[in-house]
Amino acid sequence: MVTALGTLLCAFTLSEVNYPRLSPQSQLAIFAMLGIVLCFLTNPLARRFQSHPLSRAGDSLLAFLAVLTCGYFVVQTEPTFSGFWINGQSLGNRAGSETTLDFAVGGVLALLVLEATRRSIGIALPLLALLFAAFSLYGNSLPDWLLPHRGYTIERTVSQAVLQGQGIFGVALNVMFTYVFLFVIFGAFLKETGAIGFIIDFAKRLFSRSVGGAAKVSVLSSGLMGSLSGSAVANTVTTGTFTIPMMRASGYSAPMAGGIEAAASSGGALVPPVMGAAAYMMLEIVSPPVTYLQIVQAALLPAILFYFSLFLIVHFHSKRLASLAGTTGTLADFESGAAAPAKLNPYAGLVFGGAFASLLGFLFAGFSPFRAVSLSLVVIIVLSSLHHSTRLKFGALLGAMRDSARDVIPLVCAAACVGIIIGVVTLTGVGTRFPSLILPIAQDSLFLALLLIMFTSIILGMGLPSVVCYLLLATLIGDVLGDLGVVPLAGHMFIFYFGMLSMVTPPVALAAFAASSVAGSPVMATAFAAFRFSLVGFFLPFMFVFRPELLMLAHDGSPAGFIHIAQAFGIAAVGVAAFAIGIAGHYFHPVSTARPQPVLPCIRPAAFPRQHHLVGRLRPASP
């Protein structure tokens with residue numbers, strides 16, 4: 001059933017995104033229905049009750065309720081079912097005069113979304129949604145510092161957050177449907193063709209004779225795979241299965257190996273052209289509007305700097321380990337096959353390179369992101385058919401669709417749940433009033449305002465997916481940075497970066513937690529190692545806010561000149577290199593923290609055998 005529903009979800013999304021026949025709300029209702037049903041069928045109420053008959057029956061009942069409630073929205077929206085419309089009006093035309101049945105169905109769907117989100121990503125986001133719902137109901141009882149309002153009824157809250165197009169079936173779920181899920185399918189298809197094996201073999205071949213080769217394999221392969229999936233946790237588990245044991249065999253401690261993998265996987269969401277889901281959110285939120293190519297262009301140099309720093313840190317750290325161990329620090333020291341790496345599969349490389357080249361080509365040709373990735377899927381199928389080692393047979397296609405559906409379940413549930421929050425934000429007007437708390441700080445110091453936003457992003461990101469964290473903060477404070485003179489795209493990239501970096505920020509660092517389970521290392525030791533390797537990422541957002549040329553933008557938001565871009569990038573690269581040396585504690589030799597000795601210590605007569613008469617006149621050199 002999961003395979004059948006996953007295949008249906010992929011087929012429906014590909015069909016409706018490229019050749020829409022239903023209204024937007026009906027599209028999202030069916031998309032949410034399939035995602036929530038899959039969630040209840042694959043995520044039990046609790047792990048200990050996974051096989052209990054009553055638990056399974058309860059899961060089936062909740063899945064059936066999801067079909068009924070989401071189906072209700074389709075029936076009450078599509079003209080095909082106009083004979084079933086209440087009072088002869090569609091649900092959209094009943095805004096403000098909804099019936100009791102409308103409110104009941106909306107309330108049940110909201111509860112189903114909260115439970116599905118709890119099962120798929122944890123309790124933090126559902127609790128936050130309930131907190132916002134309480135804020136809507138009891139806003140008239142709040143003190144002045146909590147941004148009170150006149151308060152709204154349950155019916156009004158349900159109407160805004162569920163029934164109409166500004167809540168569950170709003171911008172968050174629409175982005176998942178229109179953009180994100182297609183790129184998830186794109187990554188799953190590449191995975192089935194053997195792209196992961198090709199990436200790792202290519203990295204091993206490239207760095208087999210380099211100091212810290214195992215760690216560099218992890219950095220490169222995780223960056224490439226992260227650009228496909230956009231998920232730090234999924235990337236950590238996928239590539240970490242291969243790279244963490246390789247690093248352990250090369251002399252890295254378990255926490256260090258897990259930390260490197262977590263840091264490299266988290267940065268994958270920054271790498272064009274796919275990037276993370278938040279990049280597609282920017283298409284809907286940033287004002288004035290930007291194109292996908294502008295986002296990709298802006299993300300390029302910061303991504304290069306992030307991975308440049310990671311490469312330098314692991315390089316110098318590996319040199320330090322090698323100097324202490326008395327080895328060269330290459331894979332050849334630890335792997336018998338490192339001197340002659342496995343032969344690369346040229347057909348897998350052709351599929352991988354062809355997929356990326358076609359995606360970029362279609363984007364530069366002016367195709368929309370969803371049409372470009374849809375056409376690239378066709379390219380993958382055609383190129384993979386050239387050889388039996390990469391060919392996508394029918395079973396492999398079904399497996400790719402099933403895996404895609406499983407991977408998108410948390411995103412669908414989280415997007416629907418965050419839609420409830422956005423609905424309340426829109427209803428209460430808190431989104432326009434929240435900036436009043438930050439503006440007074442920013443008037444004194446933009447840097448202090450950025451620090452506040454940074455800590456807010458990291459704290460929210462500890463319990464939420466990075467895309468949800470970005471969406472919440474972009475809704476609340478996205479316009480504030482523009483009012484402070486920050487280039488709008490730079491402000492949104494600032495929020496996006498820190499939402500992503502929450503994946504490696506203790507005490508809740510989800511990517512590091514996943515890496516620790518693969519490495520068999522202590523959780524917090526791995527988290528702090530990942531935080532250490534990712535440190536330059538905490539400075540990059542400040543760099544491009546104050547120097548937008550790193551995003552290839554001028555201070556007025558127009559494209560920057562090549563000279564200014566090169567100057568900004570060169571200065572940033574020098575700073576990143578010095579920072580990496582300091583973090584690793586090694587350059588040509590280990591960096592010592594001991595107090596330097598005098599250049600000329602006390603001069604003894606033996607040093608001047610023929611000038612003994614001068615000794616009495618010399619004084620020891622001053623420290």
# chains A, B, ... in the order shown; residues from 1 in each chain; ligands from 1
call {"tool": "residues_around", "arguments": {"residues": "stretch 92-95 of chain A", "least_positions_apart": "6", "cutoff": "12 Å", "atoms": "only C-alpha atoms", "output": "VMD selection string"}}
result
chain A and resid 23 to 26 73 to 79 85 to 86 102 to 103 155 to 156 158 to 160 162 to 166
call {"tool": "residues_around", "arguments": {"residues": "A:Gly35", "least_positions_apart": "2", "cutoff": "8 Å", "atoms": "only C-alpha atoms", "output": "NGL selection string"}}
result
:A and (9 or 31-33 or 37-39 or 405 or 408-409 or 412-413)
call {"tool": "write_last_selection", "arguments": {"atoms": "C-alpha atoms", "output": "short mmCIF file (atom, residue, chain, number, x, y, z; two decimals), in the first residue's frame"}}
result
data_model
loop_
_atom_site.label_atom_id
_atom_site.label_comp_id
_atom_site.auth_asym_id
_atom_site.auth_seq_id
_atom_site.Cartn_x
_atom_site.Cartn_y
_atom_site.Cartn_z
CA LEU A 9 1.68 10.78 -5.02
CA PHE A 31 -1.27 16.35 -1.96
CA ALA A 32 -1.77 16.79 1.80
CA MET A 33 -4.17 13.84 1.95
CA VAL A 37 -2.21 9.02 4.97
CA LEU A 38 1.33 7.79 4.30
CA CYS A 39 2.43 9.31 7.59
CA ALA A 405 7.15 9.68 -0.86
CA VAL A 408 8.62 14.01 1.70
CA ILE A 409 6.26 12.93 4.51
CA VAL A 412 4.30 17.76 3.89
CA CYS A 413 3.23 17.47 7.53
#
call {"tool": "atom_distance", "arguments": {"atom1": "atom CA of A:Ala512", "atom2": "atom CA of A:Gly258"}}
result
6.8 Å
call {"tool": "closest_atom_pairs", "arguments": {"of": "stretch 280-315 of chain A", "to": "stretch 582-585 of chain A", "cutoff": "12 Å", "atoms": "only C-alpha atoms", "output": "Markdown table"}}
result
| residue | atom | partner | partner_atom | distance |
| --- | --- | --- | --- | --- |
| A:Ser309 | CA | A:Ile583 | CA | 10.0 |
| A:Leu310 | CA | A:Ala584 | CA | 10.3 |
| A:Phe311 | CA | A:Ala584 | CA | 11.0 |
| A:Leu312 | CA | A:Ala584 | CA | 8.5 |
| A:Ile313 | CA | A:Ala584 | CA | 5.5 |
| A:Val314 | CA | A:Ala584 | CA | 7.5 |
| A:His315 | CA | A:Ala584 | CA | 8.4 |
call {"tool": "write_last_selection", "arguments": {"atoms": "N, CA and C atoms", "output": "JSON list (two decimals), in the first residue's frame"}}
result
[["chain", "number", "residue", "atom", "x", "y", "z"],
["A", 309, "SER", "N", 36.41, 26.54, 3.55],
["A", 309, "SER", "CA", 36.83, 26.52, 4.95],
["A", 309, "SER", "C", 36.85, 25.11, 5.50],
["A", 310, "LEU", "N", 35.85, 24.30, 5.14],
["A", 310, "LEU", "CA", 35.78, 22.93, 5.64],
["A", 310, "LEU", "C", 36.94, 22.10, 5.09],
["A", 311, "PHE", "N", 37.26, 22.29, 3.81],
["A", 311, "PHE", "CA", 38.41, 21.59, 3.23],
["A", 311, "PHE", "C", 39.71, 21.98, 3.94],
["A", 312, "LEU", "N", 39.89, 23.28, 4.19],
["A", 312, "LEU", "CA", 41.12, 23.71, 4.84],
["A", 312, "LEU", "C", 41.20, 23.20, 6.28],
["A", 313, "ILE", "N", 40.09, 23.22, 6.98],
["A", 313, "ILE", "CA", 40.11, 22.75, 8.37],
["A", 313, "ILE", "C", 40.47, 21.28, 8.43],
["A", 314, "VAL", "N", 39.84, 20.45, 7.60],
["A", 314, "VAL", "CA", 40.17, 19.02, 7.64],
["A", 314, "VAL", "C", 41.59, 18.77, 7.10],
["A", 315, "HIS", "N", 42.05, 19.60, 6.16],
["A", 315, "HIS", "CA", 43.42, 19.44, 5.65],
["A", 315, "HIS", "C", 44.44, 19.70, 6.75]]
call {"tool": "atom_distance", "arguments": {"atom1": "atom CA of A:Ala63", "atom2": "atom CA of A:Ile36"}}
result
7.1 Å
call {"tool": "select_by_dssp", "arguments": {"residues": "stretch 393-588 of chain A", "states": "alpha helix (DSSP H)", "output": "PyMOL selection string"}}
result
chain A and resi 394-428+430-433+435-444+446-463+466-483+488-501+510-519+523-533+540-546+562-584
call {"tool": "closest_residue", "arguments": {"among": "A:Ala416, A:Leu41, A:Ala129, A:Met256", "to": "A:Arg532", "atoms": "only C-alpha atoms"}}
result
A:Met256
call {"tool": "decode", "arguments": {"residues": "stretch 280-306 of chain A", "atoms": "C-alpha atoms", "output": "PDB file, in the first residue's frame"}}
result
ATOM      1  CA  TYR A 280      11.989  27.779  -3.162  1.00  0.00           C
ATOM      2  CA  MET A 281      10.241  29.537  -0.302  1.00  0.00           C
ATOM      3  CA  MET A 282      12.191  32.655  -1.235  1.00  0.00           C
ATOM      4  CA  LEU A 283      10.500  32.654  -4.633  1.00  0.00           C
ATOM      5  CA  GLU A 284       7.189  33.283  -2.868  1.00  0.00           C
ATOM      6  CA  ILE A 285       8.317  35.520  -0.009  1.00  0.00           C
ATOM      7  CA  VAL A 286      11.167  37.831  -1.051  1.00  0.00           C
ATOM      8  CA  SER A 287       9.984  41.281  -2.051  1.00  0.00           C
ATOM      9  CA  PRO A 288      10.712  42.604  -4.619  1.00  0.00           C
ATOM     10  CA  PRO A 289      10.374  39.179  -6.273  1.00  0.00           C
ATOM     11  CA  VAL A 290      13.480  37.294  -7.344  1.00  0.00           C
ATOM     12  CA  THR A 291      13.997  34.481  -9.831  1.00  0.00           C
ATOM     13  CA  TYR A 292      15.377  31.061  -9.055  1.00  0.00           C
ATOM     14  CA  LEU A 293      18.528  31.857 -11.022  1.00  0.00           C
ATOM     15  CA  GLN A 294      19.108  34.948  -8.875  1.00  0.00           C
ATOM     16  CA  ILE A 295      18.874  32.786  -5.739  1.00  0.00           C
ATOM     17  CA  VAL A 296      21.277  30.216  -7.199  1.00  0.00           C
ATOM     18  CA  GLN A 297      23.686  32.959  -8.219  1.00  0.00           C
ATOM     19  CA  ALA A 298      23.566  34.560  -4.777  1.00  0.00           C
ATOM     20  CA  ALA A 299      24.172  31.224  -3.043  1.00  0.00           C
ATOM     21  CA  LEU A 300      27.203  30.248  -5.118  1.00  0.00           C
ATOM     22  CA  LEU A 301      30.074  32.203  -3.510  1.00  0.00           C
ATOM     23  CA  PRO A 302      28.967  31.660   0.142  1.00  0.00           C
ATOM     24  CA  ALA A 303      28.702  27.913  -0.590  1.00  0.00           C
ATOM     25  CA  ILE A 304      32.206  27.930  -2.075  1.00  0.00           C
ATOM     26  CA  LEU A 305      33.546  29.759   0.987  1.00  0.00           C
ATOM     27  CA  PHE A 306      31.806  27.352   3.387  1.00  0.00           C
TER      28      PHE A 306
END
